[in-house]
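Student: What follows is a structure written as structure tokens; I'll ask about it next.
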4 protein chains.
Amino acid sequence: MSHTAILLINCPDRKGLVAKVSGILYEHGANIIHADQHQDHEAGLFFMRVEWALDGFALDRFRESFEPIAAELRMDWRLELSSTVTRMAIFVSQYLHCYADLLYRYKSGELACEIPLIVSNHSGARALADFHGIPFHHIETSGANKREVESRQLELLQKHRIDLVVLARYMQILSPRFVARYPNRIVNVHHSFLPAFTGAKPYHRAFERGVKLIGSTSHYVTEVLDDGPIIEQDVMRISHRDQLEDLIEKGRDLERVVLSRAVRWRLAHRILSYGSKTVVFD
Amino acid sequence: MSHTAILLINCPDRKGLVAKVSGILYEHGANIIHADQHQDHEAGLFFMRVEWALDGFALDRFRESFEPIAAELRMDWRLELSSTVTRMAIFVSQYLHCYADLLYRYKSGELACEIPLIVSNHSGARALADFHGIPFHHIETSGANKREVESRQLELLQKHRIDLVVLARYMQILSPRFVARYPNRIVNVHHSFLPAFTGAKPYHRAFERGVKLIGSTSHYVTEVLDDGPIIEQDVMRISHRDQLEDLIEKGRDLERVVLSRAVRWRLAHRILSYGSKTVVFD
Amino acid sequence: MSHTAILLINCPDRKGLVAKVSGILYEHGANIIHADQHQDHEAGLFFMRVEWALDGFALDRFRESFEPIAAELRMDWRLELSSTVTRMAIFVSQYLHCYADLLYRYKSGELACEIPLIVSNHSGARALADFHGIPFHHIETSGANKREVESRQLELLQKHRIDLVVLARYMQILSPRFVARYPNRIVNVHHSFLPAFTGAKPYHRAFERGVKLIGSTSHYVTEVLDDGPIIEQDVMRISHRDQLEDLIEKGRDLERVVLSRAVRWRLAHRILSYGSKTVVFD
Amino acid sequence: MSHTAILLINCPDRKGLVAKVSGILYEHGANIIHADQHQDHEAGLFFMRVEWALDGFALDRFRESFEPIAAELRMDWRLELSSTVTRMAIFVSQYLHCYADLLYRYKSGELACEIPLIVSNHSGARALADFHGIPFHHIETSGANKREVESRQLELLQKHRIDLVVLARYMQILSPRFVARYPNRIVNVHHSFLPAFTGAKPYHRAFERGVKLIGSTSHYVTEVLDDGPIIEQDVMRISHRDQLEDLIEKGRDLERVVLSRAVRWRLAHRILSYGSKTVVFD
């Protein structure tokens, strides 16, 4: 497939927005491959994602024409190029199922990214990193050294020019300082159907409560724990026959699928977030 | 189908329980149609449901033999006869979808019960009750007359010898006094995936939170709001394209299915509840 | 809500289609409420659905401007007005669950249509029609009188100016002659996950085959049995514990939901069909 | 967890079977951990699975007492010991997602088996086998050498005393001769919701047919292609936005989950198959 450009727009809703954007793209000869838009009538917001082929397309001239219009319409926008591969870091702790899953998908070509960095507070994750030939950094964590640990992690992210951090069951809470550095750039998976069972040990609490479905949620990380915009959720039926260990085992399959979908969509620049919500163009 | 007996057992787990129960049934010549059991290893509890044909079965003699054994094994048990039809009341307010659904299922023979009583704090539910020829009682509610209203409702329940009360989107909170009179005999449907969004306006809050699935839960009513043992749950996928009204509309289908399953299982004596949990033998 | 217009387009794909359509709408001052488009790259086709408010919108002038452009771009298009309520007929046989469900949804305002006609080859459906005050025609069918029966049905459809025929478990196969009169205007529900178990007794065959999920499918009726474009499908988990009757009972809930979704989408003019496929704008 | 014994029974249904089996287990002092039974009333068959702890249990004496009873009741039965680890071989071709998934689950302790043998007609699967330290045999296949290839494969299976063969998207059809050697011991995954789209290229055909859900099926291999007893199925929603490649990509997640469930259940001796059906005790 040839290279494409992806334009993502979030702006106050008003008449003629689609006409404006599609008109200017047409004038510049864009061959649109996908286009989708959404209006949140209540919030008075307009969202758009357009993807077009870049062969023979004068991107600079388009940008020149588009910028004043975007400014006039108070657009929050960005232009992504499929040729600019996202640089993704994975943070992982002792549970390796999401991590192994992401690495397999990466290796098999399912994830359009580079993974130049893996960070873990456990050494158990090293073997898979080595197998895939990805630099692995084991950074021990304890309550005491949190600030120091995060400083070192942030250094590594900067050094490797990381665009996206994926928490693949990373069992440490990131500080507001860390989160603020990567807004809408940290994706986490929580092993419950949020907002049920926020915080620790959600399977234990689901088991105690006697729910009939367990869930998993991928979301952007914000300062408030388990409260960021939800990207994807899924559930699985359980019954009284399932013991706590069954919930944990079944849940692993949910977590892997739900996290990998979020990552795939993020890499395809399909997610727009606003307030506590996301628009996921599928 | 011929008449059957259903034995439901809940007792401390120990060796030989299945052998004991199935042995005594065999001695009395029971032709078992369904049997299921469950052990909660953590709680040390044993649950069993056995159903057998009654033709030629000496029920009284079985009961005589079984009672001392049950006492010895500290069984909490009951014996239900398919010939004794459950007498069910429906409580409903202004939203009629669950109510209409239950009445249709009742009429078409899907629910093995009698419905001698419908109670509503809205008059809109009367037409359907009349169509199906079921006595309808319109009892206005207001904060002030709650105790009086409940007294009148309890009288009606007693007068009609009601075994099971189904709250088909009944929008009043029952007092502890009321609930205590019908333990494990009041089934409610909550329009969220409990324990998320307990209390009022769950769709509004789900919409605000930006969840990607909406859910519905049927449960026994206990003193604590939306906290009783869960009988059934289901969910439906939504997206950013769904406005609040779409959630409400889609949710109606969930509520109907989830409530009707709970009612059907209850009528078939398939539910055993303990603590905050249920065992649903399917 | 105020009245809206809905433009549905199906045409060969080419550059600038969105710009053209949105541009002309903007020129005429349309306040777009929903817009969605889709490209089938393989088939080289473009599909679009736009909905806009009609207050102060000069529909005739828009139509004048749009027609030549549509002709030039070889568009297959239609313009629907929310003020023109679809006239829907229901055909039903002895199984009444889908029929009762549609009537309830109709009565409660969920279906934006009029139902001036119910046709059945069984008299059992009459009571509900009477309750809802809808003219009911009982037309007996037998192999011998099929042509005559269909002629009478077609007459009724014409007389009542029916736009859409819904087969709510109508157990007669319509002749090609009949189908040809209402292309993409007859919606059926088949009680299997098509293309598995086409034809008669799908639950029996699903039971024999030992599947672990049962399904239901709503589709447009074409000359070839159970082969028309699929509008919606859903499934439900079953297990070895489910007997044939359980499949039939559980399946009823699937059928109702799957058919009602198709009807709702059709009434909202959200479905575009081409070849054996549908585009359903959600 | 201590070692357990698992008794699996399939026999003509008659009164007193549960009493007999649980009685004899009780007499020998078995501490039952799980027990489940099922009656197929139509076929007149009875199925049972009982699992009990082995500490202090005289297995030989139990077997002596049980054998004559089993013979008398015409039981088809087997006794499995959790201490006897199943020896499993994986066959794989060019698509590695199910294979990689099984190996990861194996390594992380989720699959209670040994994998002493991997066979592939492609060399691409070697790296993962090496990483996990499992002997890998690359056996090229062509139409011409099929008999020879299978002979070599059967030799390997015998040499490694393989109990269970898992076809993890192995793209060769096994001959009746091969299948007959491992009845109910070869598990395959088919990338469709069987019986829809049996045979080759199911995603292509699903895409052409315009289905709204795609599925995946794990089943025992029998002489007739894609016709063996179904163990597990699952589906995923798709829409018109999904192109063929999306179906293939999404389907991979289904295939992995559906195959791994079947393998896990098989290893836990939870599956009883009869005719074209399975009983899966959960």
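To be explicit about the labels: the chains of the structure tokens are called A, B, and onward in the order shown, and within each one the residues are counted from 1, while ligands get numbers from 1 in the order they are shown.
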Define the interface residues of chain A facing chain C as those within 8 Å, counting only C-alpha atoms, and report them as number ranges by chain.
Tutor: A: 15-16, 18-23, 26, 29-39
Student: Once DSSP has gone over the backbone, tell me which residues of stretch 40-232 of chain C are in alpha helix (DSSP H), as a PyMOL selection string.
Tutor: chain C and resi 59-72+97-107+126-132+146-159+176-181+202-209
Student: Near B:Arg256, within 9 Å and counting only C-alpha atoms, which residues show up once chain neighbours fewer than 2 positions away are dropped, as a list in words?
Tutor: His97, Cys98, Tyr99, Asp101, Leu102, Ala168, Val189, Gly251, Arg252, Asp253, Leu254, Val258, Leu259, Ser260 and Arg261 of chain B
Student: What's the 6 Å shell around stretch 229-236 of chain B, counting only C-alpha atoms, without same-chain residues fewer than 2 positions away, as a PDB file with all heavy atoms, in the first residue's frame?
Tutor:
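result01.pdb, written as the output of this step:
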```pdb
ATOM      1  N   LYS A 212     -22.031 -12.056  36.863  1.00  0.00           N
ATOM      2  CA  LYS A 212     -22.211 -13.128  35.895  1.00  0.00           C
ATOM      3  C   LYS A 212     -21.410 -12.889  34.613  1.00  0.00           C
ATOM      4  O   LYS A 212     -21.444 -13.697  33.680  1.00  0.00           O
ATOM      5  CB  LYS A 212     -23.702 -13.280  35.554  1.00  0.00           C
ATOM      6  CG  LYS A 212     -24.572 -13.650  36.760  1.00  0.00           C
ATOM      7  CD  LYS A 212     -24.201 -14.998  37.370  1.00  0.00           C
ATOM      8  CE  LYS A 212     -25.172 -15.416  38.471  1.00  0.00           C
ATOM      9  NZ  LYS A 212     -24.748 -16.665  39.137  1.00  0.00           N
TER      10      LYS A 212
ATOM     11  N   LEU B 213     -19.780  -0.369  26.322  1.00  0.00           N
ATOM     12  CA  LEU B 213     -20.808  -1.407  26.427  1.00  0.00           C
ATOM     13  C   LEU B 213     -21.811  -0.942  27.474  1.00  0.00           C
ATOM     14  O   LEU B 213     -21.413  -0.375  28.492  1.00  0.00           O
ATOM     15  CB  LEU B 213     -20.218  -2.735  26.923  1.00  0.00           C
ATOM     16  CG  LEU B 213     -19.128  -3.426  26.107  1.00  0.00           C
ATOM     17  CD1 LEU B 213     -18.474  -4.533  26.948  1.00  0.00           C
ATOM     18  CD2 LEU B 213     -19.692  -4.031  24.842  1.00  0.00           C
ATOM     19  N   ILE B 214     -23.089  -1.160  27.226  1.00  0.00           N
ATOM     20  CA  ILE B 214     -24.059  -0.936  28.302  1.00  0.00           C
ATOM     21  C   ILE B 214     -24.560  -2.289  28.768  1.00  0.00           C
ATOM     22  O   ILE B 214     -24.510  -3.277  28.030  1.00  0.00           O
ATOM     23  CB  ILE B 214     -25.247  -0.046  27.872  1.00  0.00           C
ATOM     24  CG1 ILE B 214     -25.900  -0.588  26.594  1.00  0.00           C
ATOM     25  CG2 ILE B 214     -24.796   1.389  27.684  1.00  0.00           C
ATOM     26  CD1 ILE B 214     -27.245   0.036  26.295  1.00  0.00           C
ATOM     27  N   GLY B 215     -25.074  -2.330  29.978  1.00  0.00           N
ATOM     28  CA  GLY B 215     -25.478  -3.599  30.546  1.00  0.00           C
ATOM     29  C   GLY B 215     -26.779  -3.515  31.290  1.00  0.00           C
ATOM     30  O   GLY B 215     -27.373  -2.443  31.442  1.00  0.00           O
ATOM     31  N   SER B 216     -27.229  -4.669  31.719  1.00  0.00           N
ATOM     32  CA  SER B 216     -28.446  -4.767  32.507  1.00  0.00           C
ATOM     33  C   SER B 216     -28.283  -5.954  33.461  1.00  0.00           C
ATOM     34  O   SER B 216     -27.584  -6.910  33.147  1.00  0.00           O
ATOM     35  CB  SER B 216     -29.639  -4.971  31.580  1.00  0.00           C
ATOM     36  OG  SER B 216     -30.842  -4.799  32.274  1.00  0.00           O
ATOM     37  N   THR B 217     -28.933  -5.853  34.616  1.00  0.00           N
ATOM     38  CA  THR B 217     -28.728  -6.840  35.684  1.00  0.00           C
ATOM     39  C   THR B 217     -30.060  -7.188  36.338  1.00  0.00           C
ATOM     40  O   THR B 217     -30.799  -6.287  36.718  1.00  0.00           O
ATOM     41  CB  THR B 217     -27.802  -6.245  36.775  1.00  0.00           C
ATOM     42  OG1 THR B 217     -26.577  -5.809  36.171  1.00  0.00           O
ATOM     43  CG2 THR B 217     -27.505  -7.260  37.861  1.00  0.00           C
ATOM     44  N   SER B 218     -30.347  -8.459  36.473  1.00  0.00           N
ATOM     45  CA  SER B 218     -31.493  -8.850  37.304  1.00  0.00           C
ATOM     46  C   SER B 218     -30.963  -9.440  38.607  1.00  0.00           C
ATOM     47  O   SER B 218     -29.957 -10.154  38.600  1.00  0.00           O
ATOM     48  CB  SER B 218     -32.397  -9.843  36.575  1.00  0.00           C
ATOM     49  OG  SER B 218     -31.671 -10.961  36.143  1.00  0.00           O
ATOM     50  N   HIS B 219     -31.636  -9.116  39.682  1.00  0.00           N
ATOM     51  CA  HIS B 219     -31.127  -9.534  40.990  1.00  0.00           C
ATOM     52  C   HIS B 219     -32.257  -9.615  42.005  1.00  0.00           C
ATOM     53  O   HIS B 219     -33.323  -9.026  41.821  1.00  0.00           O
ATOM     54  CB  HIS B 219     -30.067  -8.540  41.481  1.00  0.00           C
ATOM     55  CG  HIS B 219     -30.595  -7.156  41.699  1.00  0.00           C
ATOM     56  ND1 HIS B 219     -31.004  -6.706  42.925  1.00  0.00           N
ATOM     57  CD2 HIS B 219     -30.817  -6.139  40.834  1.00  0.00           C
ATOM     58  CE1 HIS B 219     -31.443  -5.451  42.809  1.00  0.00           C
ATOM     59  NE2 HIS B 219     -31.341  -5.085  41.546  1.00  0.00           N
ATOM     60  N   TYR B 220     -32.001 -10.352  43.084  1.00  0.00           N
ATOM     61  CA  TYR B 220     -32.935 -10.349  44.192  1.00  0.00           C
ATOM     62  C   TYR B 220     -32.800  -9.031  44.933  1.00  0.00           C
ATOM     63  O   TYR B 220     -31.698  -8.484  45.052  1.00  0.00           O
ATOM     64  CB  TYR B 220     -32.630 -11.504  45.157  1.00  0.00           C
ATOM     65  CG  TYR B 220     -33.132 -12.843  44.687  1.00  0.00           C
ATOM     66  CD1 TYR B 220     -32.297 -13.942  44.625  1.00  0.00           C
ATOM     67  CD2 TYR B 220     -34.461 -13.002  44.313  1.00  0.00           C
ATOM     68  CE1 TYR B 220     -32.767 -15.184  44.211  1.00  0.00           C
ATOM     69  CE2 TYR B 220     -34.939 -14.235  43.886  1.00  0.00           C
ATOM     70  CZ  TYR B 220     -34.093 -15.324  43.835  1.00  0.00           C
ATOM     71  OH  TYR B 220     -34.565 -16.526  43.423  1.00  0.00           O
ATOM     72  N   SER B 276     -24.054 -12.933  48.875  1.00  0.00           N
ATOM     73  CA  SER B 276     -24.372 -12.008  47.795  1.00  0.00           C
ATOM     74  C   SER B 276     -24.363 -12.701  46.439  1.00  0.00           C
ATOM     75  O   SER B 276     -24.308 -12.057  45.405  1.00  0.00           O
ATOM     76  CB  SER B 276     -23.350 -10.868  47.775  1.00  0.00           C
ATOM     77  OG  SER B 276     -22.097 -11.374  47.360  1.00  0.00           O
ATOM     78  N   LYS B 277     -24.408 -14.026  46.433  1.00  0.00           N
ATOM     79  CA  LYS B 277     -24.247 -14.779  45.193  1.00  0.00           C
ATOM     80  C   LYS B 277     -25.441 -15.663  44.882  1.00  0.00           C
ATOM     81  O   LYS B 277     -26.228 -15.980  45.762  1.00  0.00           O
ATOM     82  CB  LYS B 277     -23.024 -15.688  45.302  1.00  0.00           C
ATOM     83  CG  LYS B 277     -21.715 -14.971  45.453  1.00  0.00           C
ATOM     84  CD  LYS B 277     -20.574 -15.940  45.220  1.00  0.00           C
ATOM     85  CE  LYS B 277     -19.240 -15.239  45.375  1.00  0.00           C
ATOM     86  NZ  LYS B 277     -18.126 -16.129  45.050  1.00  0.00           N
ATOM     87  N   THR B 278     -25.506 -16.084  43.631  1.00  0.00           N
ATOM     88  CA  THR B 278     -26.489 -17.088  43.252  1.00  0.00           C
ATOM     89  C   THR B 278     -25.800 -18.243  42.539  1.00  0.00           C
ATOM     90  O   THR B 278     -24.801 -18.057  41.853  1.00  0.00           O
ATOM     91  CB  THR B 278     -27.556 -16.532  42.286  1.00  0.00           C
ATOM     92  OG1 THR B 278     -26.902 -16.067  41.107  1.00  0.00           O
ATOM     93  CG2 THR B 278     -28.371 -15.430  42.907  1.00  0.00           C
TER      94      THR B 278
END
```
Student: Identify, with DSSP run on backbone atoms, the residues in stretch 179-256 of chain A assigned to strand (DSSP E or B), and express the list as a list in words.
Tutor: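 Selection result, strand (DSSP E or B) within stretch 179-256 of chain A: Ile186, Val187, Asn188, Val189, His190, Leu213, Ile214, Gly215, Ser216, Thr217, Ser218, His219, Tyr220, Ile230, Ile231, Glu232, Gln233, Asp234, Val235, Met236 and Arg237 of chain A.
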Student: List the neighbours of A:Asp282 out to 12 Å using only C-alpha atoms; skip same-chain residues closer than 6 positions along the sequence, and give me the result as a PyMOL selection string.
Tutor: (chain A and resi 34-38+49-50+231-232+261-262+264-266+268-272) or (chain B and resi 239-241) or (chain C and resi 38+282) or (chain D and resi 238-243+246)
Student: Tell me, as a tab-separated table (two decimals) with N, CA and C atoms, in the first residue's frame, which residues lie within 7 Å of D:Ile90, counting only C-alpha atoms; anything in the same chain fewer than 3 positions away does not count.
Tutor:
```tsv
chain	number	residue	atom	x	y	z
D	117	LEU	N	6.74	-32.44	20.65
D	117	LEU	CA	6.82	-32.57	19.19
D	117	LEU	C	6.02	-31.49	18.47
D	118	ILE	N	6.72	-30.83	17.53
D	118	ILE	CA	6.04	-29.90	16.63
D	118	ILE	C	6.35	-30.33	15.21
D	119	VAL	N	5.32	-30.40	14.39
D	119	VAL	CA	5.48	-30.81	12.99
D	119	VAL	C	4.96	-29.68	12.11
D	165	VAL	N	-3.24	-34.63	19.21
D	165	VAL	CA	-2.66	-33.85	18.11
D	165	VAL	C	-3.50	-32.59	17.93
D	166	VAL	N	-2.86	-31.44	17.97
D	166	VAL	CA	-3.59	-30.18	17.78
D	166	VAL	C	-3.18	-29.57	16.44
D	167	LEU	N	-4.16	-29.38	15.58
D	167	LEU	CA	-3.91	-28.75	14.28
D	167	LEU	C	-4.11	-27.24	14.44
D	168	ALA	N	-3.00	-26.54	14.58
D	168	ALA	CA	-3.05	-25.09	14.82
D	168	ALA	C	-2.95	-24.37	13.48
```
Student: Could you check how far atom CA of D:Pro68 sits from atom CA of D:Leu7, in Å to one decimal?
Tutor: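 Pair atom CA of D:Pro68 / atom CA of D:Leu7 returns 15.2 Å.
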